[in-house]
Amino acid sequence: MSAIGNARVRPVRMSRGGRTTAVWGIRAGIVLLVALAWEWYGRADGEVFIPAFSSVLSALWEHTLDGTIAEAMWLSNQSMLIGFPLSVVLGLGIGLVLGRRRLVDRTFSYLFDLMMVVPMIAVVPVVIVALGLSLTARVAVVMLFALPVVVLNARAAVRVVDHELIEMAGAFGADRRQVWQTVVLPAALGPIFTGLRIGLSRAVSGMIVVELTLIPAGLGGLLVTYRSQFAGASLYAVTLAVLIEGAVLIGLAHLAERRLLNRMRGGGV
Amino acid sequence: MRFVRPELLSAAGLIALWQLIAVALRPAWLPTVDSVAVELWELTTTGALGVVGGSLVTLLIGMVVVFVVAGVSALLLAGSEVLDEALSPLINASMATPHIALIPVFTFIWGLEETTRIVTVVAFALFPVILTWVTAIKEVPGDLVEMSSAFGASRLKRLRYVVVPSAATLLLTGVRIGVVQGIKGLVSAEIVIGVVGLGKLVTVASQTFDVVQLYAVLVVILGLSIVSYVVLTRLETRASAWNE
């Protein structure tokens with residue numbers, strides 16, 4: 001937090017407009033540079049291992065039009081559609097309890113810390129042995145990936161809520177509902193949504209992992225197939241599709257967070 | 001209560017519960033604790049776990065790359081506000097991508113070579129380390145930096161005597177996050193590749209439905225990440241104690 005504070009305190013050397021231009025210039029420059037370098041390197045390489053950026057884009061377009069990607073996405077995302085909401089509900093519940101009850105927290109929280117630290121991919125074969133090559137197994141893996149960060153952030157959210165602010169709001173005559181709406185929820189929403197965003201990205205990882213290692217179906221299945229067929233452009237295109245899905249989901253979570261905050265502030269005191 | 005750590009008690013309880021379920025219900029997916037321990041011993045004595053050494057060397061190479069690149073990038077980003085403002089969102093966004101999805105591309109380019117695993121380690125670890133280190137450098141008190149330059153310290157000396165000591169805790173946080181992520185990258189690459197290092201043991205065990213071996217390898221992997229996490233966290237706590 002204080003890092004941001006420090007940055008703001010420093011004297012601004014550039015005009016505001018010049019600065020914004022510079023910032024966006026650098027961003028566009030980097031993206032352009034990467035795309036160009038990729039294109040050039042791919043062509044120089046003979047497009048064997050690194051297909052040119054343009055070839056990847058056209059492969060992506062092609063597979064989008066012929067429905068390959070859509071079909072694979074639907075197949076893969078079934079585990080996400082069930083697993084992620086379950087992780088959110090369960091994770092928020094567990095997180096709230098851990099944040100409130102000291103003894104429960106000290107007894108069980110380390111488990112979620114561990115789940116964040118260990119490479120969850122190593123647990124996937126055990127899940128498959130237990131649940132078979134089924135949708136249930138895929139859902140379980142998605143939850144193993146997504147749940148811990150949701151739990152830990154919900155727990156942190158309960159703790160950050162400023163008790164002095166709550167008291168003050170009470171002193172100024174806010175009722176229970178207003179206190180929740182204007183103090184508790186807005187303060188807790190930040191960490192919770194951070195947890196949801198990281199959880200989303202981890203859930204996508206979990207969804208892909210099963211398909212890459214043990215159940216060659218859906219998007220991961222496409223990746224495995226294209227790799228063995230040596231279809232470079234298609235392999236890169238599907239990878240890009242997975243990354244885009246992740247980015248879109250996280251973007252949507254951002255949007256939902258902002259909407260919710262605005263609504264809460266608007267409907268408050 | 002002071003001498004009994006609840007998490008240790010609960011861990012012991014969980015292991016006891018594991019053994020109880022394994023003995024009483026004999027589910028196909030849960031071998032007994034003692035059979036896993038015996039298997040672990042056998043893997044060690046037959047030298048099957050020798051692959052861990054090779055994997056650790058790969059991890060080390062990857063981590064050196066990560067820390068060198070992250071160090072230079074963090075100094076650049078912390079030194080220039082415009083650069084920081086322009087690039088931090090990009091770094092944040094790439095941190096949120098599911099990195100595991102990149103492994104097929106890496107194996108496509110580099111095959112079974114060590115490069116694949118090193119690149120995966122870097123892909124997993126680099127960005128979180130950069131972001132943590134940028135924060136670390138920015139947290140250095142400005143007056144200290146000013147004083148050191150007033151006394152004529154060179155850039156390098158300032159880095160050595162002012163920036164590193166006062167940012168030590170957060171720098172070590174970066175190291176910890178990096179190593180944890182690096183291990184995840186290494187294990188993920190090896191399991192997806194399936195024929196090298198620990199990944200080979202996992203693949204063989206799960207293809208032959210050798211659940212006991214699967215658990216033994218899992219214990220090795222979990223042990224590796226937990227030990228490095230605990231050691232590095234200790235180091236961090238010490239550094240913050242020195243700072244105060």
# chains A, B, ... in the order shown; residues from 1 in each chain; ligands from 1

$ interface_residues --of "chain B" --to "chain A" --cutoff "6 Å" --atoms "only C-alpha atoms" --output "number ranges by chain"
B: 6-7, 10, 29, 82, 86, 96, 98, 100, 109, 135, 138-139, 184, 192, 222, 225

$ select_by_dssp --residues "stretch 15-83 of chain A" --states "alpha helix (DSSP H)" --output "PyMOL selection string"
chain A and resi 16-44+53-65+68-83

$ closest_residue --among "A:Asp66, A:Glu47, A:Glu39, A:Glu71" --to "A:Leu222" --atoms "only C-alpha atoms"
A:Glu71

$ residues_around --residues "A:Trp38" --least-positions-apart "5" --cutoff "10 Å" --atoms "only C-alpha atoms" --output "NGL selection string"
:A and (32-33 or 43-44 or 50-54)

$ write_last_selection --atoms "all heavy atoms" --output "PDB file, in the first residue's frame"
ATOM      1  N   LEU A  32       3.387  -4.092 -30.029  1.00  0.00           N
ATOM      2  CA  LEU A  32       3.756  -4.096 -31.447  1.00  0.00           C
ATOM      3  C   LEU A  32       5.089  -4.813 -31.646  1.00  0.00           C
ATOM      4  O   LEU A  32       5.265  -5.631 -32.557  1.00  0.00           O
ATOM      5  CB  LEU A  32       3.849  -2.657 -31.947  1.00  0.00           C
ATOM      6  CG  LEU A  32       3.656  -2.468 -33.448  1.00  0.00           C
ATOM      7  CD1 LEU A  32       2.222  -2.809 -33.823  1.00  0.00           C
ATOM      8  CD2 LEU A  32       4.006  -1.056 -33.862  1.00  0.00           C
ATOM      9  N   LEU A  33       6.043  -4.508 -30.758  1.00  0.00           N
ATOM     10  CA  LEU A  33       7.380  -5.099 -30.858  1.00  0.00           C
ATOM     11  C   LEU A  33       7.301  -6.619 -30.749  1.00  0.00           C
ATOM     12  O   LEU A  33       7.912  -7.349 -31.538  1.00  0.00           O
ATOM     13  CB  LEU A  33       8.263  -4.537 -29.740  1.00  0.00           C
ATOM     14  CG  LEU A  33       9.768  -4.652 -29.954  1.00  0.00           C
ATOM     15  CD1 LEU A  33      10.205  -3.681 -31.035  1.00  0.00           C
ATOM     16  CD2 LEU A  33      10.514  -4.389 -28.657  1.00  0.00           C
ATOM     17  N   ARG A  43       8.913 -16.330 -39.501  1.00  0.00           N
ATOM     18  CA  ARG A  43       9.233 -16.459 -40.927  1.00  0.00           C
ATOM     19  C   ARG A  43      10.669 -16.901 -41.128  1.00  0.00           C
ATOM     20  O   ARG A  43      10.957 -17.741 -41.975  1.00  0.00           O
ATOM     21  CB  ARG A  43       8.982 -15.140 -41.632  1.00  0.00           C
ATOM     22  CG  ARG A  43       7.502 -14.833 -41.661  1.00  0.00           C
ATOM     23  CD  ARG A  43       7.170 -13.764 -42.651  1.00  0.00           C
ATOM     24  NE  ARG A  43       5.721 -13.576 -42.640  1.00  0.00           N
ATOM     25  CZ  ARG A  43       5.110 -12.695 -43.390  1.00  0.00           C
ATOM     26  NH1 ARG A  43       5.798 -11.920 -44.199  1.00  0.00           N
ATOM     27  NH2 ARG A  43       3.804 -12.585 -43.337  1.00  0.00           N
ATOM     28  N   ALA A  44      11.594 -16.326 -40.316  1.00  0.00           N
ATOM     29  CA  ALA A  44      13.003 -16.670 -40.457  1.00  0.00           C
ATOM     30  C   ALA A  44      13.224 -18.140 -40.090  1.00  0.00           C
ATOM     31  O   ALA A  44      14.070 -18.821 -40.659  1.00  0.00           O
ATOM     32  CB  ALA A  44      13.853 -15.764 -39.559  1.00  0.00           C
ATOM     33  N   ILE A  50       8.150 -22.177 -34.593  1.00  0.00           N
ATOM     34  CA  ILE A  50       7.483 -20.938 -34.216  1.00  0.00           C
ATOM     35  C   ILE A  50       6.769 -20.384 -35.444  1.00  0.00           C
ATOM     36  O   ILE A  50       7.364 -19.675 -36.239  1.00  0.00           O
ATOM     37  CB  ILE A  50       8.487 -19.915 -33.653  1.00  0.00           C
ATOM     38  CG1 ILE A  50       9.195 -20.531 -32.450  1.00  0.00           C
ATOM     39  CG2 ILE A  50       7.786 -18.634 -33.281  1.00  0.00           C
ATOM     40  CD1 ILE A  50      10.170 -19.635 -31.784  1.00  0.00           C
ATOM     41  N   PRO A  51       5.493 -20.717 -35.607  1.00  0.00           N
ATOM     42  CA  PRO A  51       4.752 -20.181 -36.738  1.00  0.00           C
ATOM     43  C   PRO A  51       4.607 -18.676 -36.593  1.00  0.00           C
ATOM     44  O   PRO A  51       4.509 -18.181 -35.469  1.00  0.00           O
ATOM     45  CB  PRO A  51       3.394 -20.880 -36.651  1.00  0.00           C
ATOM     46  CG  PRO A  51       3.330 -21.486 -35.308  1.00  0.00           C
ATOM     47  CD  PRO A  51       4.700 -21.602 -34.768  1.00  0.00           C
ATOM     48  N   ALA A  52       4.580 -17.971 -37.715  1.00  0.00           N
ATOM     49  CA  ALA A  52       4.478 -16.517 -37.668  1.00  0.00           C
ATOM     50  C   ALA A  52       3.161 -16.100 -37.024  1.00  0.00           C
ATOM     51  O   ALA A  52       2.177 -16.848 -37.065  1.00  0.00           O
ATOM     52  CB  ALA A  52       4.580 -15.941 -39.075  1.00  0.00           C
ATOM     53  N   PHE A  53       3.171 -14.917 -36.429  1.00  0.00           N
ATOM     54  CA  PHE A  53       2.006 -14.400 -35.721  1.00  0.00           C
ATOM     55  C   PHE A  53       0.778 -14.401 -36.639  1.00  0.00           C
ATOM     56  O   PHE A  53      -0.313 -14.805 -36.230  1.00  0.00           O
ATOM     57  CB  PHE A  53       2.335 -12.985 -35.230  1.00  0.00           C
ATOM     58  CG  PHE A  53       1.280 -12.391 -34.350  1.00  0.00           C
ATOM     59  CD1 PHE A  53       0.722 -13.122 -33.317  1.00  0.00           C
ATOM     60  CD2 PHE A  53       0.849 -11.091 -34.552  1.00  0.00           C
ATOM     61  CE1 PHE A  53      -0.247 -12.578 -32.500  1.00  0.00           C
ATOM     62  CE2 PHE A  53      -0.119 -10.533 -33.734  1.00  0.00           C
ATOM     63  CZ  PHE A  53      -0.663 -11.280 -32.713  1.00  0.00           C
ATOM     64  N   SER A  54       0.999 -13.985 -37.908  1.00  0.00           N
ATOM     65  CA  SER A  54      -0.129 -13.909 -38.834  1.00  0.00           C
ATOM     66  C   SER A  54      -0.717 -15.304 -39.092  1.00  0.00           C
ATOM     67  O   SER A  54      -1.938 -15.466 -39.158  1.00  0.00           O
ATOM     68  CB  SER A  54       0.307 -13.252 -40.141  1.00  0.00           C
ATOM     69  OG  SER A  54       1.420 -13.926 -40.669  1.00  0.00           O
TER      70      SER A  54
END
